[in-house]
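The next block is coords-v1.csv, given as CSV, C-alpha atoms and all ligand atoms.
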```csv
chain,number,residue,atom,x,y,z
S,831,MET,CA,-11.4,10.3,42.4
S,832,HIS,CA,-13.3,11.6,45.4
S,833,THR,CA,-12.6,10.5,49.0
S,834,VAL,CA,-15.8,10.1,51.1
S,835,THR,CA,-16.2,9.0,54.7
S,836,LEU,CA,-18.6,6.0,54.8
S,837,ILE,CA,-20.4,5.2,58.1
S,838,ALA,CA,-22.4,2.1,57.2
S,839,GLY,CA,-24.4,2.2,60.4
S,840,ASP,CA,-26.3,-0.8,61.9
S,841,GLY,CA,-29.5,-2.7,61.4
S,842,ILE,CA,-30.3,-2.4,57.6
S,843,GLY,CA,-27.5,0.2,57.3
S,844,PRO,CA,-24.7,-2.1,56.0
S,845,GLU,CA,-27.1,-3.6,53.4
S,846,VAL,CA,-28.3,-0.3,52.0
S,847,ALA,CA,-24.9,1.2,52.2
S,848,GLU,CA,-23.4,-1.6,50.1
S,849,SER,CA,-26.2,-1.1,47.5
S,850,THR,CA,-25.5,2.6,47.3
S,851,ILE,CA,-21.8,2.0,46.8
S,852,ARG,CA,-22.5,-0.4,43.9
S,853,VAL,CA,-24.9,2.0,42.3
S,854,ILE,CA,-22.5,4.9,42.5
S,855,GLU,CA,-19.7,2.8,41.0
S,856,ALA,CA,-22.0,1.7,38.2
S,857,ALA,CA,-22.8,5.4,37.5
S,858,GLY,CA,-19.1,5.8,36.8
S,859,VAL,CA,-18.1,7.9,39.7
S,860,LYS,CA,-14.8,6.8,41.3
S,861,ILE,CA,-14.9,7.1,45.1
S,862,ASP,CA,-12.4,6.0,47.6
S,863,TRP,CA,-14.5,5.1,50.7
S,864,ASP,CA,-12.9,6.0,54.0
S,865,ARG,CA,-14.9,3.5,56.1
S,866,VAL,CA,-15.4,4.2,59.8
S,867,ASP,CA,-17.9,2.9,62.4
S,868,ALA,CA,-20.2,4.7,64.8
S,869,GLY,CA,-22.9,3.5,67.2
S,870,SER,CA,-23.3,0.8,69.8
S,871,ASP,CA,-20.6,-1.5,68.5
S,872,VAL,CA,-17.9,1.1,68.9
S,873,MET,CA,-19.5,2.3,72.1
S,874,THR,CA,-18.4,-0.9,73.9
S,875,LYS,CA,-14.9,-0.7,72.4
S,876,TYR,CA,-14.1,3.1,72.7
S,877,GLY,CA,-16.6,4.2,75.4
S,878,THR,CA,-18.3,6.6,72.9
S,879,ALA,CA,-20.7,6.1,70.0
S,880,VAL,CA,-18.9,8.7,67.9
S,881,PRO,CA,-15.1,8.3,68.5
S,882,ASP,CA,-12.8,11.1,67.4
S,883,PHE,CA,-11.5,9.1,64.4
S,884,VAL,CA,-15.0,9.3,62.9
S,885,ILE,CA,-15.1,13.1,63.3
S,886,ASP,CA,-11.5,13.4,62.1
S,887,SER,CA,-12.3,11.4,58.9
S,888,ILE,CA,-15.3,13.6,58.1
S,889,LEU,CA,-13.3,16.8,58.8
S,890,ARG,CA,-10.5,15.6,56.5
S,891,ASN,CA,-12.8,14.5,53.7
S,892,GLN,CA,-15.5,17.2,54.2
S,893,ILE,CA,-18.1,14.8,53.0
S,894,ALA,CA,-19.8,11.7,54.4
S,895,LEU,CA,-22.4,9.1,53.4
S,896,LYS,CA,-24.1,7.5,56.4
S,897,GLY,CA,-26.4,4.6,57.0
S,898,PRO,CA,-28.8,4.7,60.0
S,899,ILE,CA,-27.6,4.2,63.5
S,900,SER,CA,-29.8,2.9,66.3
S,901,THR,CA,-30.4,4.9,69.4
S,902,PRO,CA,-31.5,3.3,72.7
S,903,VAL,CA,-34.9,4.6,73.8
S,904,GLY,CA,-35.3,6.2,77.3
S,905,SER,CA,-31.8,5.5,78.6
S,906,GLY,CA,-28.3,4.5,77.3
S,907,PHE,CA,-26.0,6.6,75.1
S,908,ALA,CA,-26.9,9.8,73.4
S,909,SER,CA,-27.9,9.6,69.8
S,910,ALA,CA,-24.9,9.1,67.5
S,911,ASN,CA,-26.8,10.9,64.8
S,912,VAL,CA,-27.5,14.0,67.0
S,913,THR,CA,-23.8,13.9,68.2
S,914,LEU,CA,-22.5,13.9,64.6
S,915,ARG,CA,-24.7,16.8,63.6
S,916,LYS,CA,-23.7,18.7,66.7
S,917,ARG,CA,-20.0,18.1,66.6
S,918,LEU,CA,-19.8,18.8,62.9
S,919,ASN,CA,-22.1,21.8,63.1
S,920,LEU,CA,-24.3,20.3,60.4
S,921,TYR,CA,-27.0,22.9,61.0
S,922,ALA,CA,-29.3,22.4,58.0
S,923,ASN,CA,-31.2,19.2,57.3
S,924,VAL,CA,-32.7,19.1,53.7
S,925,ARG,CA,-35.4,16.6,53.1
S,926,PRO,CA,-37.1,16.6,49.7
S,927,ALA,CA,-40.4,14.8,49.2
S,928,VAL,CA,-41.3,14.4,45.6
S,929,THR,CA,-43.9,12.1,44.0
S,930,LEU,CA,-42.1,9.2,42.2
S,931,PRO,CA,-43.6,7.4,39.2
S,932,GLY,CA,-45.2,4.0,39.8
S,933,VAL,CA,-45.2,4.4,43.6
S,934,GLU,CA,-48.6,4.0,45.1
S,935,SER,CA,-49.4,6.9,47.4
S,936,ARG,CA,-52.4,9.2,48.0
S,937,TYR,CA,-51.1,12.0,45.8
S,938,ASP,CA,-49.4,12.3,42.4
S,939,ASN,CA,-48.4,16.0,42.7
S,940,VAL,CA,-46.1,16.4,45.7
S,941,ASP,CA,-42.9,18.4,45.2
S,942,LEU,CA,-41.7,20.0,48.4
S,943,VAL,CA,-38.6,20.3,50.5
S,944,VAL,CA,-38.5,20.3,54.3
S,945,ILE,CA,-35.6,22.3,55.7
S,946,ARG,CA,-35.1,21.4,59.3
S,947,GLU,CA,-32.9,23.4,61.8
S,948,ASN,CA,-30.6,20.7,63.0
S,949,SER,CA,-28.6,22.1,65.9
S,950,GLU,CA,-30.8,23.2,68.7
S,951,ASP,CA,-34.4,23.2,70.0
S,952,LEU,CA,-35.5,20.3,72.3
S,953,TYR,CA,-32.5,18.3,70.9
S,954,SER,CA,-30.2,20.3,73.2
S,955,GLY,CA,-30.2,17.2,75.4
S,956,LEU,CA,-30.7,19.4,78.5
S,957,GLU,CA,-33.1,17.5,80.7
S,958,HIS,CA,-33.1,17.0,84.4
S,959,TYR,CA,-35.3,16.0,87.3
S,960,VAL,CA,-36.5,19.1,89.2
S,961,ILE,CA,-37.9,16.8,92.0
S,962,PRO,CA,-38.8,13.2,91.7
S,963,GLY,CA,-41.7,12.9,89.3
S,964,VAL,CA,-41.0,16.2,87.6
S,965,VAL,CA,-38.7,16.5,84.6
S,966,GLU,CA,-37.6,19.8,82.9
S,967,SER,CA,-36.6,19.5,79.3
S,968,LEU,CA,-35.1,22.6,77.8
S,969,LYS,CA,-35.9,24.0,74.4
S,970,ILE,CA,-33.1,26.3,73.3
S,971,ILE,CA,-33.7,28.7,70.4
S,972,THR,CA,-31.1,31.2,69.4
S,973,GLU,CA,-31.1,34.2,67.0
S,974,THR,CA,-27.9,33.0,65.4
S,975,ALA,CA,-29.2,29.5,64.5
S,976,CYS,CA,-32.7,30.8,63.4
S,977,LEU,CA,-31.2,33.5,61.1
S,978,ARG,CA,-28.7,31.0,59.7
S,979,ILE,CA,-31.4,28.4,58.8
S,980,GLY,CA,-33.7,31.2,57.4
S,981,ARG,CA,-30.9,32.4,55.1
S,982,PHE,CA,-30.2,28.8,54.1
S,983,ALA,CA,-33.8,28.2,53.2
S,984,PHE,CA,-34.2,31.3,51.1
S,985,GLN,CA,-30.8,30.7,49.4
S,986,TYR,CA,-31.8,27.1,48.8
S,987,ALA,CA,-35.1,28.2,47.2
S,988,LYS,CA,-33.3,30.7,45.0
S,989,GLN,CA,-30.6,28.3,43.8
S,990,ASN,CA,-33.1,25.5,43.1
S,991,GLY,CA,-35.7,27.6,41.2
S,992,ARG,CA,-38.2,27.3,44.0
S,993,LYS,CA,-40.9,30.0,44.4
S,994,LYS,CA,-42.1,30.0,48.0
S,995,VAL,CA,-40.8,29.4,51.6
S,996,THR,CA,-43.3,28.6,54.4
S,997,SER,CA,-42.2,29.0,58.1
S,998,VAL,CA,-43.8,26.3,60.3
S,999,HIS,CA,-44.1,27.3,64.0
S,1000,LYS,CA,-46.1,27.3,67.2
S,1001,ALA,CA,-45.5,31.0,68.1
S,1002,ASN,CA,-49.1,31.3,69.4
S,1003,ILE,CA,-48.1,29.1,72.4
S,1004,MET,CA,-44.3,29.4,72.5
S,1005,LYS,CA,-44.4,33.2,72.1
S,1006,LEU,CA,-40.8,33.8,73.0
S,1007,ALA,CA,-39.0,30.7,71.4
S,1008,ASP,CA,-41.0,30.3,68.2
S,1009,GLY,CA,-41.6,34.1,68.2
S,1010,LEU,CA,-37.8,34.6,67.9
S,1011,PHE,CA,-37.7,31.9,65.2
S,1012,LEU,CA,-40.3,33.7,63.1
S,1013,GLU,CA,-38.8,37.1,63.6
S,1014,CYS,CA,-35.4,35.8,62.3
S,1015,ILE,CA,-37.0,34.1,59.3
S,1016,ARG,CA,-38.8,37.3,58.4
S,1017,ARG,CA,-35.5,39.1,58.7
S,1018,ALA,CA,-33.8,36.6,56.4
S,1019,HIS,CA,-36.7,37.0,53.9
S,1020,ARG,CA,-35.8,40.7,53.5
S,1021,ASP,CA,-32.8,39.8,51.4
S,1022,TYR,CA,-34.9,37.5,49.1
S,1023,PRO,CA,-37.9,39.7,48.1
S,1024,GLU,CA,-38.3,37.6,44.9
S,1025,ILE,CA,-39.2,34.5,46.9
S,1026,GLU,CA,-42.8,34.4,48.2
S,1027,TYR,CA,-43.1,33.9,52.0
S,1028,ASP,CA,-45.8,32.7,54.3
S,1029,GLU,CA,-46.2,31.2,57.8
S,1030,MET,CA,-48.2,28.4,59.2
S,1031,ILE,CA,-48.9,27.0,62.7
S,1032,VAL,CA,-47.5,23.5,62.9
S,1033,ASP,CA,-50.8,21.7,63.8
S,1034,ASN,CA,-52.6,23.4,60.9
S,1035,CYS,CA,-49.6,22.6,58.7
S,1036,CYS,CA,-50.0,18.9,59.4
S,1037,GLN,CA,-53.7,19.1,58.3
S,1038,GLN,CA,-52.9,21.1,55.2
S,1039,LEU,CA,-50.1,18.7,54.2
S,1040,VAL,CA,-52.4,15.8,54.4
S,1041,MET,CA,-55.2,17.6,52.5
S,1042,LYS,CA,-53.4,19.7,50.0
S,1043,PRO,CA,-49.7,18.9,49.8
S,1044,GLU,CA,-49.3,20.5,46.4
S,1045,LYS,CA,-49.7,23.9,48.1
S,1046,PHE,CA,-46.2,23.5,49.7
S,1047,ASP,CA,-42.8,24.4,48.2
S,1048,VAL,CA,-39.9,25.0,50.6
S,1049,MET,CA,-40.7,24.7,54.3
S,1050,VAL,CA,-38.4,25.8,57.1
S,1051,MET,CA,-38.8,24.9,60.7
S,1052,GLU,CA,-37.2,24.1,64.1
S,1053,ASN,CA,-35.6,20.8,64.8
S,1054,LEU,CA,-38.5,18.8,66.4
S,1055,TYR,CA,-41.2,20.0,64.0
S,1056,GLY,CA,-38.8,19.1,61.2
S,1057,ASP,CA,-38.2,15.7,62.5
S,1058,ILE,CA,-41.9,14.9,62.7
S,1059,ILE,CA,-43.1,16.8,59.6
S,1060,SER,CA,-40.4,15.2,57.3
S,1061,ASP,CA,-41.6,11.7,58.2
S,1062,LEU,CA,-45.2,12.9,57.4
S,1063,THR,CA,-44.0,14.2,54.0
S,1064,SER,CA,-42.1,10.9,53.4
S,1065,GLY,CA,-45.5,9.2,53.9
S,1066,LEU,CA,-47.0,11.5,51.2
S,1067,VAL,CA,-44.7,10.1,48.5
S,1068,GLY,CA,-44.5,6.4,49.4
S,1069,GLY,CA,-42.7,6.1,52.7
S,1070,LEU,CA,-39.4,6.0,54.4
S,1071,GLY,CA,-37.8,3.5,52.0
S,1072,LEU,CA,-37.7,6.3,49.4
S,1073,THR,CA,-36.8,9.5,51.2
S,1074,ALA,CA,-33.3,11.0,51.0
S,1075,SER,CA,-31.7,13.8,53.0
S,1076,ALA,CA,-28.6,16.0,53.3
S,1077,ASN,CA,-27.1,17.5,56.4
S,1078,ILE,CA,-25.2,20.7,55.5
S,1079,GLY,CA,-22.7,22.5,57.7
S,1080,ALA,CA,-21.4,26.1,57.9
S,1081,ASN,CA,-17.9,25.0,57.0
S,1082,GLY,CA,-18.6,23.2,53.8
S,1083,ILE,CA,-19.0,19.9,55.4
S,1084,ALA,CA,-21.9,17.7,54.3
S,1085,MET,CA,-23.3,14.4,55.4
S,1086,PHE,CA,-25.9,12.5,53.4
S,1087,GLU,CA,-28.3,9.9,54.8
S,1088,ALA,CA,-31.7,8.3,54.3
S,1089,VAL,CA,-34.5,9.7,56.5
S,1090,HIS,CA,-35.3,6.2,57.8
S,1091,GLY,CA,-33.8,4.5,60.8
S,1092,SER,CA,-32.1,1.1,61.2
S,1093,ALA,CA,-35.4,-0.9,60.8
S,1094,PRO,CA,-34.5,-3.6,63.2
S,1095,ASP,CA,-37.6,-5.5,62.3
S,1096,ILE,CA,-36.2,-6.3,58.8
S,1097,ALA,CA,-32.4,-6.0,59.4
S,1098,GLY,CA,-30.0,-8.6,58.1
S,1099,ARG,CA,-32.7,-10.3,55.9
S,1100,ASN,CA,-32.0,-8.6,52.5
S,1101,LEU,CA,-35.5,-7.0,52.7
S,1102,ALA,CA,-34.7,-3.3,53.0
S,1103,ASN,CA,-35.5,-0.9,50.2
S,1104,PRO,CA,-32.1,0.7,49.3
S,1105,ILE,CA,-33.6,3.6,47.3
S,1106,ALA,CA,-33.7,6.2,50.2
S,1107,LEU,CA,-29.9,5.8,50.6
S,1108,ILE,CA,-29.3,5.6,46.9
S,1109,LEU,CA,-31.2,8.9,46.4
S,1110,SER,CA,-29.2,10.4,49.3
S,1111,GLY,CA,-26.1,9.2,47.4
S,1112,ALA,CA,-27.4,11.1,44.3
S,1113,MET,CA,-27.7,14.2,46.4
S,1114,MET,CA,-24.1,13.6,47.5
S,1115,LEU,CA,-23.0,13.4,43.8
S,1116,ILE,CA,-24.6,16.8,43.1
S,1117,HIS,CA,-22.6,18.2,46.0
S,1118,LEU,CA,-19.5,16.6,44.5
S,1119,ASN,CA,-20.2,18.4,41.2
S,1120,GLU,CA,-21.1,15.0,39.6
S,1121,GLY,CA,-24.5,16.3,38.6
S,1122,GLU,CA,-24.7,14.3,35.4
S,1123,ALA,CA,-24.1,11.0,37.2
S,1124,ALA,CA,-26.6,12.1,39.9
S,1125,ASN,CA,-29.2,12.6,37.2
S,1126,ARG,CA,-28.6,9.1,35.7
S,1127,VAL,CA,-28.9,7.5,39.2
S,1128,GLN,CA,-32.2,9.4,39.8
S,1129,ASN,CA,-33.5,8.4,36.4
S,1130,ALA,CA,-32.6,4.8,36.8
S,1131,VAL,CA,-34.5,4.7,40.1
S,1132,LYS,CA,-37.5,6.3,38.5
S,1133,LYS,CA,-37.5,3.8,35.6
S,1134,VAL,CA,-37.3,0.8,38.0
S,1135,LEU,CA,-40.1,2.2,40.1
S,1136,ALA,CA,-42.3,3.1,37.0
S,1137,ALA,CA,-41.8,-0.4,35.6
S,1138,GLY,CA,-43.2,-1.8,38.9
S,1139,VAL,CA,-41.7,-5.2,38.4
S,1140,VAL,CA,-39.0,-5.1,41.1
S,1141,ARG,CA,-40.5,-3.9,44.4
S,1142,THR,CA,-39.3,-4.3,48.0
S,1143,GLY,CA,-41.8,-5.2,50.8
S,1144,ASP,CA,-42.4,-1.5,51.8
S,1145,LEU,CA,-43.7,-0.9,48.2
S,1146,GLY,CA,-46.0,-3.9,48.3
S,1147,GLY,CA,-43.6,-6.4,46.5
S,1148,THR,CA,-41.4,-9.3,47.4
S,1149,SER,CA,-38.1,-8.3,45.9
S,1150,SER,CA,-34.9,-8.3,47.9
S,1151,THR,CA,-32.5,-5.4,48.5
S,1152,THR,CA,-30.1,-7.1,46.1
S,1153,GLN,CA,-32.7,-7.5,43.4
S,1154,MET,CA,-33.7,-3.8,43.7
S,1155,THR,CA,-30.0,-2.8,43.5
S,1156,ASP,CA,-29.4,-5.0,40.5
S,1157,ALA,CA,-32.4,-3.6,38.7
S,1158,ILE,CA,-31.2,0.0,39.2
S,1159,ILE,CA,-27.7,-0.9,38.1
S,1160,SER,CA,-29.0,-2.6,34.9
S,1161,GLU,CA,-31.0,0.6,34.1
S,1162,LEU,CA,-27.8,2.5,34.5
S,1201,LIG,P1,-37.3,3.1,61.2
S,1201,LIG,O1,-37.2,4.1,60.1
S,1201,LIG,O2,-36.0,2.3,61.4
S,1201,LIG,O3,-38.4,2.0,60.8
S,1201,LIG,C1,-39.8,2.4,60.8
S,1201,LIG,C2,-40.5,1.4,59.9
S,1201,LIG,O4,-40.2,1.6,58.5
S,1201,LIG,C3,-40.2,-0.1,60.2
S,1201,LIG,O5,-41.3,-0.9,60.0
S,1201,LIG,C4,-39.1,-0.4,59.1
S,1201,LIG,O6,-39.1,-1.8,58.7
S,1201,LIG,C5,-39.6,0.5,57.9
S,1201,LIG,N1,-38.5,0.9,57.1
S,1201,LIG,C6,-37.5,1.9,57.4
S,1201,LIG,N2,-36.6,1.9,56.5
S,1201,LIG,C7,-37.0,1.0,55.5
S,1201,LIG,C8,-36.4,0.7,54.3
S,1201,LIG,N3,-35.3,1.2,53.8
S,1201,LIG,N4,-37.0,-0.3,53.6
S,1201,LIG,C9,-38.1,-0.9,54.0
S,1201,LIG,N5,-38.7,-0.6,55.2
S,1201,LIG,C10,-38.1,0.4,55.9
S,1201,LIG,O7,-37.7,3.8,62.5
S,1201,LIG,P2,-37.7,3.3,64.0
S,1201,LIG,O8,-38.2,1.8,64.1
S,1201,LIG,O9,-38.5,4.3,64.8
S,1201,LIG,O10,-36.2,3.3,64.5
S,1201,LIG,C11,-35.4,2.2,64.6
S,1201,LIG,C12,-34.0,2.7,65.0
S,1201,LIG,O11,-33.4,3.6,64.1
S,1201,LIG,C13,-34.0,3.4,66.4
S,1201,LIG,O12,-33.0,3.0,67.2
S,1201,LIG,C14,-33.8,4.9,66.0
S,1201,LIG,O13,-33.2,5.6,67.0
S,1201,LIG,C15,-33.0,4.7,64.8
S,1201,LIG,N6,-33.1,5.9,63.8
S,1201,LIG,C16,-31.9,6.3,63.3
S,1201,LIG,C17,-31.9,7.4,62.3
S,1201,LIG,C18,-30.7,7.8,61.7
S,1201,LIG,O14,-29.7,7.1,61.8
S,1201,LIG,N7,-30.6,8.9,61.1
S,1201,LIG,C19,-33.2,8.0,62.0
S,1201,LIG,C20,-34.4,7.4,62.6
S,1201,LIG,C21,-34.3,6.4,63.5
```
Please rewrite the model in this file as structure tokens.
Ligand code: NAI
Amino acid sequence: MHTVTLIAGDGIGPEVAESTIRVIEAAGVKIDWDRVDAGSDVMTKYGTAVPDFVIDSILRNQIALKGPISTPVGSGFASANVTLRKRLNLYANVRPAVTLPGVESRYDNVDLVVIRENSEDLYSGLEHYVIPGVVESLKIITETACLRIGRFAFQYAKQNGRKKVTSVHKANIMKLADGLFLECIRRAHRDYPEIEYDEMIVDNCCQQLVMKPEKFDVMVMENLYGDIISDLTSGLVGGLGLTASANIGANGIAMFEAVHGSAPDIAGRNLANPIALILSGAMMLIHLNEGEAANRVQNAVKKVLAAGVVRTGDLGGTSSTTQMTDAIISEL
């Protein structure tokens, strides 16, 4: 029996979280879910979107599964997602994008992983008005965080039988900040000579990804580039409804979540595709040394997608969240 913190989130979060719990149970893994809430609902009650009991639960259990949490745009409370990543020091965000059978997309040969630095960059939250009409927003890049993410990327490549790591940057313009990033990744590479390494400017990288995604293997980048590029790579393999992610910390803590947000346009209507969170759950099972169950979950998802009978709206079908979940469970 494992104990895992569950933050169901808001919007479509509770719907896809319930699907994931059912699928993991059907895969035969016993989990005691330690349910806690974060986001706007607890904000009104506790005055913070991430109360201490949420952090305490994750510190205690060392592992969490999280649904999406909405963040107000332009004003209001700071992102609960960013707060969680910062407070738990979840410095590496791992987002695989792999072609899935039966899913209509422009390519049939994508197999890459975006590794996004999760702790600094323009997400430092340091913004202020210099004078009315002029805002300064600070991009913080440190040697410690860049070396750490560089080592993580090469180690990930080595452990997962990957061949190449590509650094994505804009060091031609941000010569100091992105220059430091590149220098650190090159230093990290010295300990992994068996892994091929190259570098690409972020704008060119977007173009190459759209033209020739099969050229990419593991990609490592700062926080903002990673945020944007990983949505692009989701789009290469069929969209946000299918893309999983892991947030990994220095202290053994890990939090698994879908790449997508709370999708307010379809929330509460049993329309969301639960696969992104279910595949995040499979990544979590691997972390829990339940690799065999993870494999079975991934294969069940692939079979349902390949059959093409049950499809949620984002995949061009009319099936509900529940129907998709039931189909995956019956494959299991
Ligand atoms: P979003 O990912 O929620 O939605 C973008 C589009 O994709 C929408 O049309 C939505 O219906 C669709 N979509 C997303 N997930 C889907 C799924 N599982 N099945 C079917 N369709 C799906 O992005 P958006 O609209 O930019 O953000 C909405 C809210 O979510 C915002 O408050 C944002 O801050 C928050 N958010 C939270 C994240 C997290 O908790 N990690 C990540 C991204 C956004």
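Each of S:Ala1136, S:Ile971, S:Leu1010, S:Ile1108 was compared to Glu845 of chain S using only C-alpha atoms, and S:Ile1108 turns out to be the nearest.
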Next item on the list: Can you pull out every residue within 10 Å of Ile854 of chain S, counting only C-alpha atoms, but drop anything in the same chain fewer than 2 positions away, and send it as a ChimeraX atom specification?
Entry: /S:849-852,856-861,1108,1111-1112,1115,1123-1124,1127,1159,1162
Margin query: Ranking S:Asp864, S:Glu950, S:Glu855, S:Glu1052 by minimum distance to Ala1001 of chain S and counting all atoms listed in the file, which one comes first?
Written below: S:Glu1052
Can you tell me which residues surround Asp1021 of chain S at a distance of at most 12 Å, considering all atoms listed in the file, apart from same-chain residues fewer than 3 positions away, and format the answer as a PDB file with C-alpha atoms, in the frame of the given file?
```pdb
ATOM      1  CA  LEU S 977     -31.200  33.500  61.100  1.00  0.00           C
ATOM      2  CA  GLY S 980     -33.700  31.200  57.400  1.00  0.00           C
ATOM      3  CA  ARG S 981     -30.900  32.400  55.100  1.00  0.00           C
ATOM      4  CA  PHE S 982     -30.200  28.800  54.100  1.00  0.00           C
ATOM      5  CA  ALA S 983     -33.800  28.200  53.200  1.00  0.00           C
ATOM      6  CA  PHE S 984     -34.200  31.300  51.100  1.00  0.00           C
ATOM      7  CA  GLN S 985     -30.800  30.700  49.400  1.00  0.00           C
ATOM      8  CA  LYS S 988     -33.300  30.700  45.000  1.00  0.00           C
ATOM      9  CA  CYS S1014     -35.400  35.800  62.300  1.00  0.00           C
ATOM     10  CA  ILE S1015     -37.000  34.100  59.300  1.00  0.00           C
ATOM     11  CA  ARG S1016     -38.800  37.300  58.400  1.00  0.00           C
ATOM     12  CA  ARG S1017     -35.500  39.100  58.700  1.00  0.00           C
ATOM     13  CA  ALA S1018     -33.800  36.600  56.400  1.00  0.00           C
ATOM     14  CA  GLU S1024     -38.300  37.600  44.900  1.00  0.00           C
ATOM     15  CA  ILE S1025     -39.200  34.500  46.900  1.00  0.00           C
ATOM     16  CA  GLU S1026     -42.800  34.400  48.200  1.00  0.00           C
ATOM     17  CA  TYR S1027     -43.100  33.900  52.000  1.00  0.00           C
TER      18      TYR S1027
END
```
Item checked: Contacts of Asn891 of chain S within 12 Å, only C-alpha atoms, excl. fewer than 4 positions in-chain, as a ChimeraX atom specification -> /S:832-836,861-865,884-887,895,1082-1085,1118
Note to self: Measuring between all atoms listed in the file, which one of S:Asn923, S:Ser949, S:Ser1149, S:Ser1160 shows the shortest distance to Val1050 of chain S?
What the structure shows: S:Asn923
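Relative to atom CA of Glu1013 of chain S, atom CA of Arg915 of chain S is found at 24.7 Å.
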Note to self: At a cut-off of 10 Å, using all atoms listed in the file, what residues contact Gly877 of chain S? Leave out same-chain residues fewer than 6 positions from it and give the result as a VMD selection string.
What the structure shows: chain S and resid 870 to 871 907
Item checked: Atomic separation - atom CA of Ile970 of chain S relative to atom CA of His958 of chain S, Å -> 14.5 Å
Checklist line | All residues 9 Å or closer to Leu956 of chain S, all atoms listed in the file, same chain fewer than 4 positions away omitted, as number ranges by chain | finding: S: 952, 966-970
Next item on the list: Could you give me the residues within 8 Å of ligand LIG 1201 (chain S), counting only C-alpha atoms and all ligand atoms, as a ChimeraX atom specification?
Entry: /S:839,841-842,846,896-903,909-911,1069-1072,1087-1097,1101-1107,1142-1144
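Between Ile979 of chain S and the candidates S:Cys1035, S:Met1049, S:Val1040, S:Asn1129, the tightest atom-to-atom separation, counting all atoms listed in the file, involves S:Met1049.
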Residue rebuild result segment 1089-1104 of chain S, N, CA and C atoms as a PDB file, in the frame of the given file:
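Everything below was put into result_31.pdb:
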```
ATOM      1  N   VAL S1089     -33.714   9.207  55.373  1.00  0.00           N
ATOM      2  CA  VAL S1089     -34.500   9.700  56.500  1.00  0.00           C
ATOM      3  C   VAL S1089     -34.819   8.559  57.483  1.00  0.00           C
ATOM      4  N   HIS S1090     -34.897   7.348  56.950  1.00  0.00           N
ATOM      5  CA  HIS S1090     -35.300   6.200  57.800  1.00  0.00           C
ATOM      6  C   HIS S1090     -34.256   5.824  58.824  1.00  0.00           C
ATOM      7  N   GLY S1091     -34.691   5.007  59.794  1.00  0.00           N
ATOM      8  CA  GLY S1091     -33.800   4.500  60.800  1.00  0.00           C
ATOM      9  C   GLY S1091     -33.257   3.110  60.430  1.00  0.00           C
ATOM     10  N   SER S1092     -32.798   2.375  61.444  1.00  0.00           N
ATOM     11  CA  SER S1092     -32.100   1.100  61.200  1.00  0.00           C
ATOM     12  C   SER S1092     -33.027  -0.071  60.976  1.00  0.00           C
ATOM     13  N   ALA S1093     -34.329   0.156  61.062  1.00  0.00           N
ATOM     14  CA  ALA S1093     -35.400  -0.900  60.800  1.00  0.00           C
ATOM     15  C   ALA S1093     -34.998  -2.235  61.346  1.00  0.00           C
ATOM     16  N   PRO S1094     -34.876  -2.353  62.670  1.00  0.00           N
ATOM     17  CA  PRO S1094     -34.500  -3.600  63.200  1.00  0.00           C
ATOM     18  C   PRO S1094     -35.402  -4.789  62.897  1.00  0.00           C
ATOM     19  N   ASP S1095     -36.669  -4.469  62.595  1.00  0.00           N
ATOM     20  CA  ASP S1095     -37.600  -5.500  62.300  1.00  0.00           C
ATOM     21  C   ASP S1095     -37.297  -6.277  60.984  1.00  0.00           C
ATOM     22  N   ILE S1096     -36.529  -5.644  60.084  1.00  0.00           N
ATOM     23  CA  ILE S1096     -36.200  -6.300  58.800  1.00  0.00           C
ATOM     24  C   ILE S1096     -34.688  -6.462  58.602  1.00  0.00           C
ATOM     25  N   ALA S1097     -33.907  -6.061  59.596  1.00  0.00           N
ATOM     26  CA  ALA S1097     -32.400  -6.000  59.400  1.00  0.00           C
ATOM     27  C   ALA S1097     -31.831  -7.365  59.167  1.00  0.00           C
ATOM     28  N   GLY S1098     -30.801  -7.394  58.314  1.00  0.00           N
ATOM     29  CA  GLY S1098     -30.000  -8.600  58.100  1.00  0.00           C
ATOM     30  C   GLY S1098     -30.733  -9.637  57.228  1.00  0.00           C
ATOM     31  N   ARG S1099     -31.874  -9.271  56.624  1.00  0.00           N
ATOM     32  CA  ARG S1099     -32.700 -10.300  55.900  1.00  0.00           C
ATOM     33  C   ARG S1099     -32.776  -9.931  54.388  1.00  0.00           C
ATOM     34  N   ASN S1100     -31.986  -8.947  53.930  1.00  0.00           N
ATOM     35  CA  ASN S1100     -32.000  -8.600  52.500  1.00  0.00           C
ATOM     36  C   ASN S1100     -33.380  -8.120  52.063  1.00  0.00           C
ATOM     37  N   LEU S1101     -34.110  -7.448  52.972  1.00  0.00           N
ATOM     38  CA  LEU S1101     -35.500  -7.000  52.700  1.00  0.00           C
ATOM     39  C   LEU S1101     -35.615  -5.516  52.502  1.00  0.00           C
ATOM     40  N   ALA S1102     -34.601  -4.764  52.951  1.00  0.00           N
ATOM     41  CA  ALA S1102     -34.700  -3.300  53.000  1.00  0.00           C
ATOM     42  C   ALA S1102     -34.755  -2.701  51.593  1.00  0.00           C
ATOM     43  N   ASN S1103     -35.488  -1.619  51.457  1.00  0.00           N
ATOM     44  CA  ASN S1103     -35.500  -0.900  50.200  1.00  0.00           C
ATOM     45  C   ASN S1103     -34.238   0.054  50.237  1.00  0.00           C
ATOM     46  N   PRO S1104     -33.325  -0.118  49.287  1.00  0.00           N
ATOM     47  CA  PRO S1104     -32.100   0.700  49.300  1.00  0.00           C
ATOM     48  C   PRO S1104     -32.274   2.080  48.692  1.00  0.00           C
TER      49      PRO S1104
END
```
